[in-house]
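Heads up: the structure comes next, in structure tokens.
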2 protein chains.
Amino acid sequence: MDLINILIWGAAGAATLYGIVLSALILRLPTGDEKMREIATAIQQGAAAYLIRQYVVVGIVALVISSLIYQAIGFNSALGFLIGAISSALAGLIGMSIAVRANIRCAEAAKKGLSSAFDVAYKGGAVTGFLVVGLALAAVYGFYQYTGDIKALISLGFGGSLISVFARLGGGIYTKGADVGTDMVGKVEAGIPEDDPRNPGVIADLVGDNVGDDAGMAADVFETYVVTIIAAILLGQLIFPVSLNVVNFPLSLMAVAVFASIIGSMFVKLTDKKIMRALYQGLIVTTILSAGLFYVVTNYLMGDNGVYSTMNLFFATLIGLLVTAGMMIITEYYTGSKFNPVKLLAAASKTGHGTNVIAGLALSMQATFAPIILISAATLISYSLAGLFGIALAAVSMLSLTGIVVAIDAFGPITDNAGGIAEMAGLPAKVRNVTDPLDAVGNTTKAVTKGYAIASAGLAALVLFSAYSQELGSNVVFALSDPKVIVGLFIGGALPYLFASLAMEAVGKAGAAVVEEVRRQFKKIKGIMEGTAKPDYGRCVSIVTASAQKNMLLPAIIPVAAPIIVGLTLGPLALGGMLVGTIVTGLFVAISMTTGGAAWDNAKKYIEAGNFGGKGSFAHQAAVTGDTVGDPYKDTAGPAINPMIKVANIVALLLVSFLR
Amino acid sequence: MDLINILIWGAAGAATLYGIVLSALILRLPTGDEKMREIATAIQQGAAAYLIRQYVVVGIVALVISSLIYQAIGFNSALGFLIGAISSALAGLIGMSIAVRANIRCAEAAKKGLSSAFDVAYKGGAVTGFLVVGLALAAVYGFYQYTGDIKALISLGFGGSLISVFARLGGGIYTKGADVGTDMVGKVEAGIPEDDPRNPGVIADLVGDNVGDDAGMAADVFETYVVTIIAAILLGQLIFPVSLNVVNFPLSLMAVAVFASIIGSMFVKLTDKKIMRALYQGLIVTTILSAGLFYVVTNYLMGDNGVYSTMNLFFATLIGLLVTAGMMIITEYYTGSKFNPVKLLAAASKTGHGTNVIAGLALSMQATFAPIILISAATLISYSLAGLFGIALAAVSMLSLTGIVVAIDAFGPITDNAGGIAEMAGLPAKVRNVTDPLDAVGNTTKAVTKGYAIASAGLAALVLFSAYSQELGSNVVFALSDPKVIVGLFIGGALPYLFASLAMEAVGKAGAAVVEEVRRQFKKIKGIMEGTAKPDYGRCVSIVTASAQKNMLLPAIIPVAAPIIVGLTLGPLALGGMLVGTIVTGLFVAISMTTGGAAWDNAKKYIEAGNFGGKGSFAHQAAVTGDTVGDPYKDTAGPAINPMIKVANIVALLLVSFLR
């Protein structure tokens, strides 16, 4: 085994081991009283029931597609697809399994205070982050070592992305259908607090946080990570001399960043109630360490590549780290309650539901501008440093921080769930006072991760598009003067709109089903409101599960079917335009939705913190409406666009040989 | 004078004469009682005050820009800019002047029944439509005959488009600021009906219908009409031999369609309460007549052009007519209360504000798909018939129907205002029962015109982009593999988002100012609610006027500044990408906003008609929120994107000589 082999397998092993150690630490913690355990068990069962059903549905889809791939391309590609799909599903399972166990322990720890609750939640998030990274490295590198087939890696990426679309959609429809439905009857009509045990939808709502924000997110990040590595490998193989092992370079960058992330992760400690600072501390350490290690790796592996200077390649990796920092600052500005946008949104609630929604939509749209300028600058600079490979490197270096970024993200839903359990189990108010501020910070970090994921997806998708373009042959030019390319741009631009629209509709349907059921139970089951009768939580859980499964299929087909239809009817030029069109509008739709949704949520929290009349005021009612609108934006449609863009690009890559 | 000269001047004259005759017929009609006249006078004064202030602001901007053009390009171009700007302003003035006089006469006529009210409103709309067309033909042809300078026509288009951006923004912010603000305090907080005379904002609201839906729309349509002709001329001049007079062909197509429209207009008669059918009757007659005349004109003028076959050119004009029909059918489907989308949106209101808004946003996004496929098909087919000139012809033939399309559109705001006057003057309920259904149909026709305008704008902008591309030289290729082009696409894609966001924010600000003022008056002026004291309407009018003027400037600068900045810093390739990016996302943002807004409005009307609990029900409150959100969508941000796209493209065309 050579050094690189040891490095990559070592990183995969270290990430996995670190994840396992952290889980063991969490599982040892106390789980509170009987009542809490009863609730946590209900959440676990609901989440497991959902995942089993989800995996049956997508399992059938995956088997059909892998046999099609086997027929059309060959064994390696079919195997790659299955490995990608299974690993992505496994990533979701890991994310969820630890989250549904960390939630109750976090609630129990919250009795002791902010820093112990934070510690549990952060460790829970870190388990997901590191296990996902370990799994991704092992899947890509192991598959490549076993088959030696770079082309088949594309199918591995396809498997990961496709399952991730399903996970994001299914989980997103579930979580927001349950949330919107439960809140609208509970908070708005019946006037009972959030997570009140009298609300029949409350368990479904708590399950939703896990299947959406944890399982969905983990699958999504797994996919982004894997596809970015593969895109860099594909491009590297086209650019560099055959003598150079282009598989090793991106994987080694990812590997060293794993070690940096583990060290950085140990710097996350809450000492003075500044939650955001504690999180960023770890991230900053990781970033600095990674930058240093990138320099070493680049010199060691690319010292004599004969194409680009080592310094240029190294600078391109730095661009990725800078974009990550930039996206975080921008997203925090637009979604944090300390800054003007959220404050103005909260102020717009004073004049009613309508002005809140108008202000929120305006904020959503405006929040796309700075990220687009940042992505544009990164594209131009990294291209000037090392051509298309520079863009690929920037994307790889962004994604190399995945372990710690996911840890920062996934702690949020755990605290959200902990707060729910505390409320339902009737724990003292001080517990909720610990979990609430953690949850608010979690909202922002969730938005930050989504912004980070979509920015990296934009870069990775550009690399996939250029791989598609190079595979077609260098004589093919996608010129904007060609109406086929323009029409491709139009059709591609339409896909995120159609996809997001169907996803939002699905949430509306699932939400409406929950509303009807909750209303029915309030009417039929006497004594619910007085707390003398228990609502039928299970029925709401199974209603949302069924609705999510049914309604995720149609939008999920879009990114698979569209490239095939456009490619076979309008040809490769229109398909190329379509890919770019999907990237362009996809970025806008996704960024506006994820940022806007988080801003709505935090504007509501800002009012609940006592501003503009506080809880129960007219402004608060309007802010609850905005939050409801933002829910499918930020947790269903918006984040699902990220894998959707990549599925479209990967399908096009797989089609190339049939189009030439 | 040759035949073509007679034809074009004859058409301009006929359109103007027909408009003048119709106005004379309207002005002869009775104006009702003292109370009605008092209200109508207040509306007229408010509208005039707004327009004067608007023209002072844009007059200064226009003078500055025309002197810059004089310095940079020359006298003819500066003159062209001023003629375009003044004509566009005049178009707005014409539209508004007739609307503020037809409204009261329509209210009076409504006492006699539906068909007489319809007759007045339709004639009022037709005055705007035909005078705008007459003015546009005269401006373009007269200026060309006087200067013989085709390049300077670009500046004429620039003047028209720029003023139109201001008119759409200023009028749109005014109308929706007043509407949102007035409704939120009046309908939602105080629980008094729409247009109730006790509401201090009601005159501002009625003024708004005129300055937005009439003045703004007229300037916008003028601009679209003029720019489309100019784009076709520019392209024709590049494609056809010098011997052919390329100025005459598009102008002659426009001219014959004027005669067809006048005849078609006479077929608009309401006999059996089917308002939509009465309107479409006229449109269908016009379309068939135009198609026949197009055949004659094409054969006469392009018989021997040596480039494209006459039949191909003729078929390209038919594509334009088919797109018009297609856009109307699609928009009516998504916004008409007879069809599923609006019914489902109304049903989503049953579960609350949040689900109404989610369903409306989903509908908005989905409503972009069919139009984009239609525009894509039109682009490909017309290109295959006659290259880029085929696309230009399709756009020209779409716009040739302007006279009658505007008539169908502009009747809506007149009936809306008539209803307001009836309510305020305390006319019997039967009057309102006549104007309300007319208003509902007007909502759909307004959305239809906007869809039509934006589809034609998409085609026209593509033609402008190719003119830009050809002016740069045939060796310049805008390849998607070039990161500058991609970054251009990203930045261009961001512009409609930023523009729309600022426009929505402006409405929010204007609306909030009205809310504060109306609340203040309700509190301070004793006896308003009992009807014993009169509210101070004038203060609301001047607050909205000032707010609209102040807040329209920033978004209006975007399409002028962006091409200059991108062109001078990133160069012509990035600028080309930017133009296409603006067209792509611009189409989606504009179509989703105009269609979604109309659907929200009609879903509210559907509930008010007695469905899902009718007026005052919980569903109705939610639908009012949706309508409020839809207001700046459909009447401010959405329609303003149409001229905005073209301004960006024209500025780029003017810049070409500095970039080569």
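Ligands are numbered from 1 in the order shown, residues from 1 within each chain, and chains are lettered A, B, ... in the order they appear in the structure tokens.
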Taking only C-alpha atoms into account, report as a PDB file with N, CA, C and O atoms, in the first residue's frame which residues of chain B lie within 6 Å of chain A.
ATOM      1  N   GLY B 354     -51.584  30.629   5.282  1.00  0.00           N
ATOM      2  CA  GLY B 354     -50.345  29.973   4.858  1.00  0.00           C
ATOM      3  C   GLY B 354     -50.567  29.070   3.658  1.00  0.00           C
ATOM      4  O   GLY B 354     -49.841  29.155   2.664  1.00  0.00           O
ATOM      5  N   ILE B 358     -48.950  29.316  -0.102  1.00  0.00           N
ATOM      6  CA  ILE B 358     -48.139  28.222  -0.654  1.00  0.00           C
ATOM      7  C   ILE B 358     -48.731  27.748  -1.975  1.00  0.00           C
ATOM      8  O   ILE B 358     -48.019  27.596  -2.972  1.00  0.00           O
ATOM      9  N   ALA B 362     -46.999  27.985  -5.686  1.00  0.00           N
ATOM     10  CA  ALA B 362     -46.833  26.791  -6.514  1.00  0.00           C
ATOM     11  C   ALA B 362     -47.486  27.005  -7.879  1.00  0.00           C
ATOM     12  O   ALA B 362     -46.896  26.706  -8.924  1.00  0.00           O
ATOM     13  N   MET B 365     -45.395  29.324 -10.121  1.00  0.00           N
ATOM     14  CA  MET B 365     -44.207  28.717 -10.710  1.00  0.00           C
ATOM     15  C   MET B 365     -44.593  27.743 -11.818  1.00  0.00           C
ATOM     16  O   MET B 365     -43.943  27.668 -12.853  1.00  0.00           O
ATOM     17  N   GLN B 366     -45.662  27.005 -11.574  1.00  0.00           N
ATOM     18  CA  GLN B 366     -46.088  26.011 -12.553  1.00  0.00           C
ATOM     19  C   GLN B 366     -46.593  26.667 -13.836  1.00  0.00           C
ATOM     20  O   GLN B 366     -46.440  26.121 -14.923  1.00  0.00           O
ATOM     21  N   PHE B 369     -44.513  26.936 -17.166  1.00  0.00           N
ATOM     22  CA  PHE B 369     -44.042  25.821 -17.995  1.00  0.00           C
ATOM     23  C   PHE B 369     -44.627  25.842 -19.409  1.00  0.00           C
ATOM     24  O   PHE B 369     -43.877  25.851 -20.395  1.00  0.00           O
ATOM     25  N   SER B 376     -40.590  28.369 -26.790  1.00  0.00           N
ATOM     26  CA  SER B 376     -39.499  27.571 -27.346  1.00  0.00           C
ATOM     27  C   SER B 376     -39.892  27.015 -28.708  1.00  0.00           C
ATOM     28  O   SER B 376     -39.111  27.067 -29.666  1.00  0.00           O
ATOM     29  N   PHE B 478     -20.510  33.284 -28.572  1.00  0.00           N
ATOM     30  CA  PHE B 478     -20.884  33.201 -27.165  1.00  0.00           C
ATOM     31  C   PHE B 478     -21.036  31.734 -26.799  1.00  0.00           C
ATOM     32  O   PHE B 478     -22.124  31.179 -26.870  1.00  0.00           O
ATOM     33  N   ALA B 479     -19.909  31.090 -26.438  1.00  0.00           N
ATOM     34  CA  ALA B 479     -19.957  29.656 -26.180  1.00  0.00           C
ATOM     35  C   ALA B 479     -20.165  29.398 -24.690  1.00  0.00           C
ATOM     36  O   ALA B 479     -19.564  30.057 -23.842  1.00  0.00           O
ATOM     37  N   LEU B 480     -21.036  28.447 -24.395  1.00  0.00           N
ATOM     38  CA  LEU B 480     -21.310  28.126 -22.998  1.00  0.00           C
ATOM     39  C   LEU B 480     -20.092  27.526 -22.303  1.00  0.00           C
ATOM     40  O   LEU B 480     -20.058  27.422 -21.086  1.00  0.00           O
ATOM     41  N   VAL B 487     -20.667  33.275 -16.504  1.00  0.00           N
ATOM     42  CA  VAL B 487     -20.786  34.298 -15.463  1.00  0.00           C
ATOM     43  C   VAL B 487     -21.750  35.385 -15.918  1.00  0.00           C
ATOM     44  O   VAL B 487     -22.551  35.896 -15.133  1.00  0.00           O
ATOM     45  N   ALA B 494     -29.486  37.284 -12.401  1.00  0.00           N
ATOM     46  CA  ALA B 494     -29.733  37.943 -11.110  1.00  0.00           C
ATOM     47  C   ALA B 494     -30.528  39.237 -11.263  1.00  0.00           C
ATOM     48  O   ALA B 494     -31.196  39.671 -10.325  1.00  0.00           O
ATOM     49  N   TYR B 497     -34.303  39.225 -10.680  1.00  0.00           N
ATOM     50  CA  TYR B 497     -34.555  38.951  -9.263  1.00  0.00           C
ATOM     51  C   TYR B 497     -34.360  40.208  -8.420  1.00  0.00           C
ATOM     52  O   TYR B 497     -35.194  40.556  -7.585  1.00  0.00           O
ATOM     53  N   LEU B 498     -33.245  40.890  -8.669  1.00  0.00           N
ATOM     54  CA  LEU B 498     -32.958  42.092  -7.893  1.00  0.00           C
ATOM     55  C   LEU B 498     -33.994  43.172  -8.181  1.00  0.00           C
ATOM     56  O   LEU B 498     -34.525  43.826  -7.272  1.00  0.00           O
ATOM     57  N   SER B 501     -37.328  42.306  -6.719  1.00  0.00           N
ATOM     58  CA  SER B 501     -37.274  42.412  -5.270  1.00  0.00           C
ATOM     59  C   SER B 501     -37.376  43.863  -4.805  1.00  0.00           C
ATOM     60  O   SER B 501     -38.117  44.190  -3.880  1.00  0.00           O
ATOM     61  N   MET B 504     -40.920  45.059  -5.253  1.00  0.00           N
ATOM     62  CA  MET B 504     -41.831  44.566  -4.216  1.00  0.00           C
ATOM     63  C   MET B 504     -41.596  45.303  -2.896  1.00  0.00           C
ATOM     64  O   MET B 504     -42.534  45.637  -2.181  1.00  0.00           O
ATOM     65  N   GLU B 505     -40.333  45.530  -2.588  1.00  0.00           N
ATOM     66  CA  GLU B 505     -40.014  46.272  -1.369  1.00  0.00           C
ATOM     67  C   GLU B 505     -40.628  47.667  -1.408  1.00  0.00           C
ATOM     68  O   GLU B 505     -41.129  48.155  -0.399  1.00  0.00           O
ATOM     69  N   THR B 625     -55.494  37.713   1.904  1.00  0.00           N
ATOM     70  CA  THR B 625     -54.031  37.749   2.062  1.00  0.00           C
ATOM     71  C   THR B 625     -53.339  37.388   0.754  1.00  0.00           C
ATOM     72  O   THR B 625     -52.413  38.063   0.323  1.00  0.00           O
ATOM     73  N   THR B 628     -53.507  40.166  -1.648  1.00  0.00           N
ATOM     74  CA  THR B 628     -52.569  41.227  -1.277  1.00  0.00           C
ATOM     75  C   THR B 628     -51.161  40.889  -1.751  1.00  0.00           C
ATOM     76  O   THR B 628     -50.453  41.737  -2.290  1.00  0.00           O
ATOM     77  N   VAL B 629     -50.773  39.635  -1.546  1.00  0.00           N
ATOM     78  CA  VAL B 629     -49.445  39.213  -1.988  1.00  0.00           C
ATOM     79  C   VAL B 629     -49.347  39.300  -3.509  1.00  0.00           C
ATOM     80  O   VAL B 629     -48.333  39.712  -4.070  1.00  0.00           O
TER      81      VAL B 629
END
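If you look at CA of Leu270 (chain B) and CA of Ala109 (chain B), they are 14.0 Å away from each other.
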Do a neighbour search on Ile645 (chain A) at 8 Å with only C-alpha atoms, toss out local chain neighbours closer than 6 positions, and write the hits as a ChimeraX atom specification. /A:457,461,559,579,582-583,586
Correct to one decimal, the distance CA of Asn417 (chain B)-CA of Gly201 (chain B) is 14.1 Å
Check region 185-434 of chain B with DSSP on the backbone and list each residue it calls helix (DSSP H, G or I), as a ChimeraX atom specification. /B:185-190,202-239,248-265,275-302,310-335,340-351,353-366,369-399,402-424,429-434
Check the smallest atom-to-atom distance from each of B:Asp635, B:Asp272, B:Asp119, B:Glu223 to Asn103 (chain B) using only C-alpha atoms, then report the winner.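 Among the listed residues, the smallest separation from Asn103 (chain B) belongs to B:Asp119.
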Option closest in space to Ile525 (chain A), from A:Lys634, A:Arg198, A:Arg53, A:Lys550 [counting only C-alpha atoms]: A:Arg198
Near Leu82 (chain B), counting only C-alpha atoms, which residues have an atom at most 8 Å away, once you skip same-chain residues fewer than 2 positions from it, shown as a list of chain:residue names?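 Non-adjacent residues within range: B:Ala62, B:Leu63, B:Ser66, B:Ala78, B:Leu79, B:Gly80, B:Gly84, B:Ala85, B:Ile86, B:Leu156, B:Gly159.
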Could you give me, as an mmCIF file with N, CA, C and O atoms, in the first residue's frame, the residues within 6 Å of region 138-152 of chain B, counting only C-alpha atoms and dropping anything in the same chain fewer than 2 positions from it?
data_model
loop_
_atom_site.group_PDB
_atom_site.id
_atom_site.type_symbol
_atom_site.label_atom_id
_atom_site.label_comp_id
_atom_site.auth_asym_id
_atom_site.auth_seq_id
_atom_site.Cartn_x
_atom_site.Cartn_y
_atom_site.Cartn_z
ATOM 1 N N ALA B 12 -51.657 54.806 -39.447
ATOM 2 C CA ALA B 12 -51.447 55.665 -38.271
ATOM 3 C C ALA B 12 -52.609 56.639 -38.132
ATOM 4 O O ALA B 12 -53.146 56.849 -37.031
ATOM 5 N N ASN B 76 -28.869 62.750 -34.224
ATOM 6 C CA ASN B 76 -30.024 61.931 -34.582
ATOM 7 C C ASN B 76 -30.427 60.993 -33.454
ATOM 8 O O ASN B 76 -31.617 60.826 -33.157
ATOM 9 N N SER B 77 -29.429 60.377 -32.842
ATOM 10 C CA SER B 77 -29.737 59.437 -31.774
ATOM 11 C C SER B 77 -30.335 60.140 -30.568
ATOM 12 O O SER B 77 -31.286 59.646 -29.946
ATOM 13 N N GLY B 80 -33.808 60.922 -31.480
ATOM 14 C CA GLY B 80 -34.602 59.694 -31.439
ATOM 15 C C GLY B 80 -34.972 59.333 -30.017
ATOM 16 O O GLY B 80 -36.121 59.018 -29.714
ATOM 17 N N LEU B 135 -49.821 56.449 -32.550
ATOM 18 C CA LEU B 135 -48.669 57.217 -32.110
ATOM 19 C C LEU B 135 -47.356 56.477 -32.403
ATOM 20 O O LEU B 135 -46.375 57.070 -32.884
ATOM 21 N N ALA B 136 -47.355 55.182 -32.141
ATOM 22 C CA ALA B 136 -46.138 54.387 -32.324
ATOM 23 C C ALA B 136 -45.747 54.323 -33.797
ATOM 24 O O ALA B 136 -44.578 54.520 -34.159
ATOM 25 N N ILE B 154 -32.535 52.864 -32.776
ATOM 26 C CA ILE B 154 -32.254 52.154 -31.517
ATOM 27 C C ILE B 154 -32.462 53.095 -30.338
ATOM 28 O O ILE B 154 -33.058 52.729 -29.324
ATOM 29 N N SER B 155 -31.992 54.317 -30.495
ATOM 30 C CA SER B 155 -32.154 55.281 -29.404
ATOM 31 C C SER B 155 -33.620 55.632 -29.183
ATOM 32 O O SER B 155 -34.048 55.878 -28.058
#
